[in-house]
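One structure below.
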Amino acid sequence: MSFRGAVVTFPGSNCDRDMAVALEAVSGVPAIRVWHGDAELPADLDFIALPGGFSYGDYLRSGAMAARSPVMQSVIEAARRGVPVLGVCNGFQVLTEAGLLPGALMRNASQHFICRNVKLKVENSQSLFTAGYSAGQILSIPVAHHDGNYFADDATLDRLEGEGRVAFRYAETVNGSARDIAGVLNEAGNVLGMMPHPERAIEDALGSSDGRALFESAIRSLVEA
Amino acid sequence: MKVRIHVSLKPGVLDPQGRAIHHALEGLGFEGVNDVRAGREIELDVDDSVSDEALDAMCKQLLANMVIENYRIERVAA
């Protein structure tokens with residue numbers, strides 16, 4: 001197969017290598033590494049990942065500076081063309097700041113940095129990212145964040161729920177997120193943002209392999225398309 | 001000229017930082033503080049020719065996140 005997956009690195013990204021390893025482990029093809037200052041993305045990408053970390057030191061707001069970096073204009077255009085885009089942790093924050101996903105990620109309600117495995121419930125098993133799971137399935141996936149407290153107004157939350165755009169929900173108290181939302185999809189279903197780190201859970205040696213099916217579903221859907 | 005941008009959380013948005021500050025004030029023995037909201041002040045030094053519209057666009061596009069924050073623009077005499 002000729003899968004072309006890219007991982008964007010911003011100054012301060014720290015999960016970009018993990019993301020590249022996960023993409024290669026599942027696709028068998030090395031991920032293309034893209035730097036934030038690149039004006040253009042490589043051509044004909046099948047998948048774009050925005051990794052976790054602390055881009056630009058979380059200056060101004062988490063993800064705010066990265067969302068305005070040169071490469072993001074190309075990411076936004078690719079997302080609008082339907083290219084699958086996955087944002088994890090800081091990548092989720094970047095997607096909300098860039099306007100590709102609704103809502104915002106605020107400081108955890110506890111004020112504490114939270115770093116542990118959490119129970120995650122699959123809400124929507126129909127999306128290209130989650131087709132490898134069954135609805136209601138409980139996963140164990142690590143979180144590591146200070147600003148993971150998902151906020152959107154009630155009308156937006158109702159719309160997300162009504163349209164099946166809540167991909168994952170915390171199955172335990174974690175960070176104060178509205179309606180325990182852990183991951184959301186865009187309207188077209190090709191952009192997923194989530195705070196938990198599936199790329200850190202792709203084999204048992206890492207403590208959990210529950211994240212692997214997310215990459216498998218996404219990459220399989222691309223091959224079959 | 002100097003311009004101060006005051007960014008604050010919208011009413012109704014939970015402010016964990018403000019709550020922690022409130023708690024700390026109570027811990028120091030200060031009484032009568034009913035609520036604390038933490039915000040951010042950004043000071044710009046701009047040419048006099050920079051319009052109100054441009055400042056407004058700066059706030060909307062970057063300095064404030066309109067999902068959770070409000071902003072107020074204050075031009076300060078040099």
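Convention: chains lettered A, B, ... in structure tokens order; per-chain residue numbering from 1; ligands numbered from 1 as shown.
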
Test item: chain B residues at most 12 Å from chain A, counting only C-alpha atoms, as a PyMOL selection string: chain B and resi 7+9-21+39-42+59-69

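Every residue of chain B found in strand (DSSP E or B) when DSSP is run on the backbone appears here: Lys2, Val3, Arg4, Ile5, His6, Val7, Ser8, Leu9, Arg40, Glu41, Ile42, Glu43, Leu44, Asp45, Glu69, Asn70, Tyr71, Arg72, Ile73, Glu74, Arg75 and Val76 of chain B.
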
task: Rank nothing, just name the residue among A:Tyr150, A:Phe10, A:Phe215, A:Phe129 nearest to Gly57 (chain A), using only C-alpha atoms.
output: A:Phe10

query: Near region 43-53 of chain B, within 6 Å and counting only C-alpha atoms, which residues show up once chain neighbours fewer than 3 positions away are dropped, as a PyMOL selection string?
result: chain B and resi 1-4+56

With all heavy atoms retained, could you export that selection as a PDB file, in the first residue's frame?
ATOM      1  N   MET B   1       1.461  54.647  20.145  1.00  0.00           N
ATOM      2  CA  MET B   1       0.677  54.784  21.364  1.00  0.00           C
ATOM      3  C   MET B   1       0.477  53.421  22.000  1.00  0.00           C
ATOM      4  O   MET B   1       0.572  52.392  21.334  1.00  0.00           O
ATOM      5  CB  MET B   1      -0.678  55.443  21.062  1.00  0.00           C
ATOM      6  CG  MET B   1      -1.730  54.490  20.518  1.00  0.00           C
ATOM      7  SD  MET B   1      -3.304  55.295  20.158  1.00  0.00           S
ATOM      8  CE  MET B   1      -3.715  56.092  21.694  1.00  0.00           C
ATOM      9  N   LYS B   2       0.236  53.448  23.314  1.00  0.00           N
ATOM     10  CA  LYS B   2      -0.002  52.194  24.020  1.00  0.00           C
ATOM     11  C   LYS B   2      -1.495  51.828  23.964  1.00  0.00           C
ATOM     12  O   LYS B   2      -2.368  52.674  24.089  1.00  0.00           O
ATOM     13  CB  LYS B   2       0.401  52.339  25.482  1.00  0.00           C
ATOM     14  CG  LYS B   2       1.909  52.490  25.686  1.00  0.00           C
ATOM     15  CD  LYS B   2       2.450  51.269  26.395  1.00  0.00           C
ATOM     16  CE  LYS B   2       3.905  51.460  26.842  1.00  0.00           C
ATOM     17  NZ  LYS B   2       4.820  51.844  25.772  1.00  0.00           N
ATOM     18  N   VAL B   3      -1.719  50.530  23.777  1.00  0.00           N
ATOM     19  CA  VAL B   3      -3.093  50.014  23.811  1.00  0.00           C
ATOM     20  C   VAL B   3      -3.115  48.844  24.773  1.00  0.00           C
ATOM     21  O   VAL B   3      -2.250  47.964  24.709  1.00  0.00           O
ATOM     22  CB  VAL B   3      -3.538  49.537  22.409  1.00  0.00           C
ATOM     23  CG1 VAL B   3      -4.915  48.900  22.493  1.00  0.00           C
ATOM     24  CG2 VAL B   3      -3.536  50.684  21.423  1.00  0.00           C
ATOM     25  N   ARG B   4      -4.036  48.866  25.683  1.00  0.00           N
ATOM     26  CA  ARG B   4      -4.180  47.726  26.599  1.00  0.00           C
ATOM     27  C   ARG B   4      -5.387  46.898  26.171  1.00  0.00           C
ATOM     28  O   ARG B   4      -6.478  47.438  25.966  1.00  0.00           O
ATOM     29  CB  ARG B   4      -4.382  48.178  28.038  1.00  0.00           C
ATOM     30  CG  ARG B   4      -3.148  48.811  28.632  1.00  0.00           C
ATOM     31  CD  ARG B   4      -3.163  48.770  30.174  1.00  0.00           C
ATOM     32  NE  ARG B   4      -2.053  49.607  30.635  1.00  0.00           N
ATOM     33  CZ  ARG B   4      -2.205  50.845  31.112  1.00  0.00           C
ATOM     34  NH1 ARG B   4      -3.421  51.370  31.240  1.00  0.00           N
ATOM     35  NH2 ARG B   4      -1.161  51.536  31.481  1.00  0.00           N
ATOM     36  N   ASP B  56      -9.615  45.489  16.800  1.00  0.00           N
ATOM     37  CA  ASP B  56     -10.717  44.564  17.011  1.00  0.00           C
ATOM     38  C   ASP B  56     -10.435  43.226  16.318  1.00  0.00           C
ATOM     39  O   ASP B  56     -10.651  42.151  16.881  1.00  0.00           O
ATOM     40  CB  ASP B  56     -11.996  45.191  16.449  1.00  0.00           C
ATOM     41  CG  ASP B  56     -13.227  44.677  17.147  1.00  0.00           C
ATOM     42  OD1 ASP B  56     -13.245  44.735  18.397  1.00  0.00           O
ATOM     43  OD2 ASP B  56     -14.144  44.207  16.459  1.00  0.00           O
TER      44      ASP B  56
END

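Note that CA of Ala49 (chain A) and CA of Val85 (chain A) are 5.8 Å apart.
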
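Across the model, the gap from CA of Tyr59 (chain A) to CA of Thr9 (chain A) is 16.4 Å.
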
- line: From the list A:Phe92, A:Tyr56, A:Phe47, A:Phe3, the nearest residue to Asn186 (chain A) using only C-alpha atoms is A:Phe92

query: Between CA of Ile76 (chain A) and CA of Leu95 (chain A), what is the distance, to one decimal in Å?
result: 9.0 Å

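Using only C-alpha atoms, the shortest contact distance between Ala188 (chain A) and any of A:Glu203, A:Asp210, A:Glu172, A:Glu163 is found at A:Glu163.
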
- request: Within region 48-155 of chain A, find each residue whose DSSP state, derived from the backbone, is helix (DSSP H, G or I), and express the selection as a PyMOL selection string.
  value: chain A and resi 55-58+64-67+70-81+90-97+154-155

message: Excluding Leu222 (chain A) and its own-chain neighbours fewer than 6 positions away, which residues fall within 10 Å of it when counting only C-alpha atoms? Please give them as an NGL selection string.
response: :A and (3 or 46-47 or 83-84 or 128 or 216)
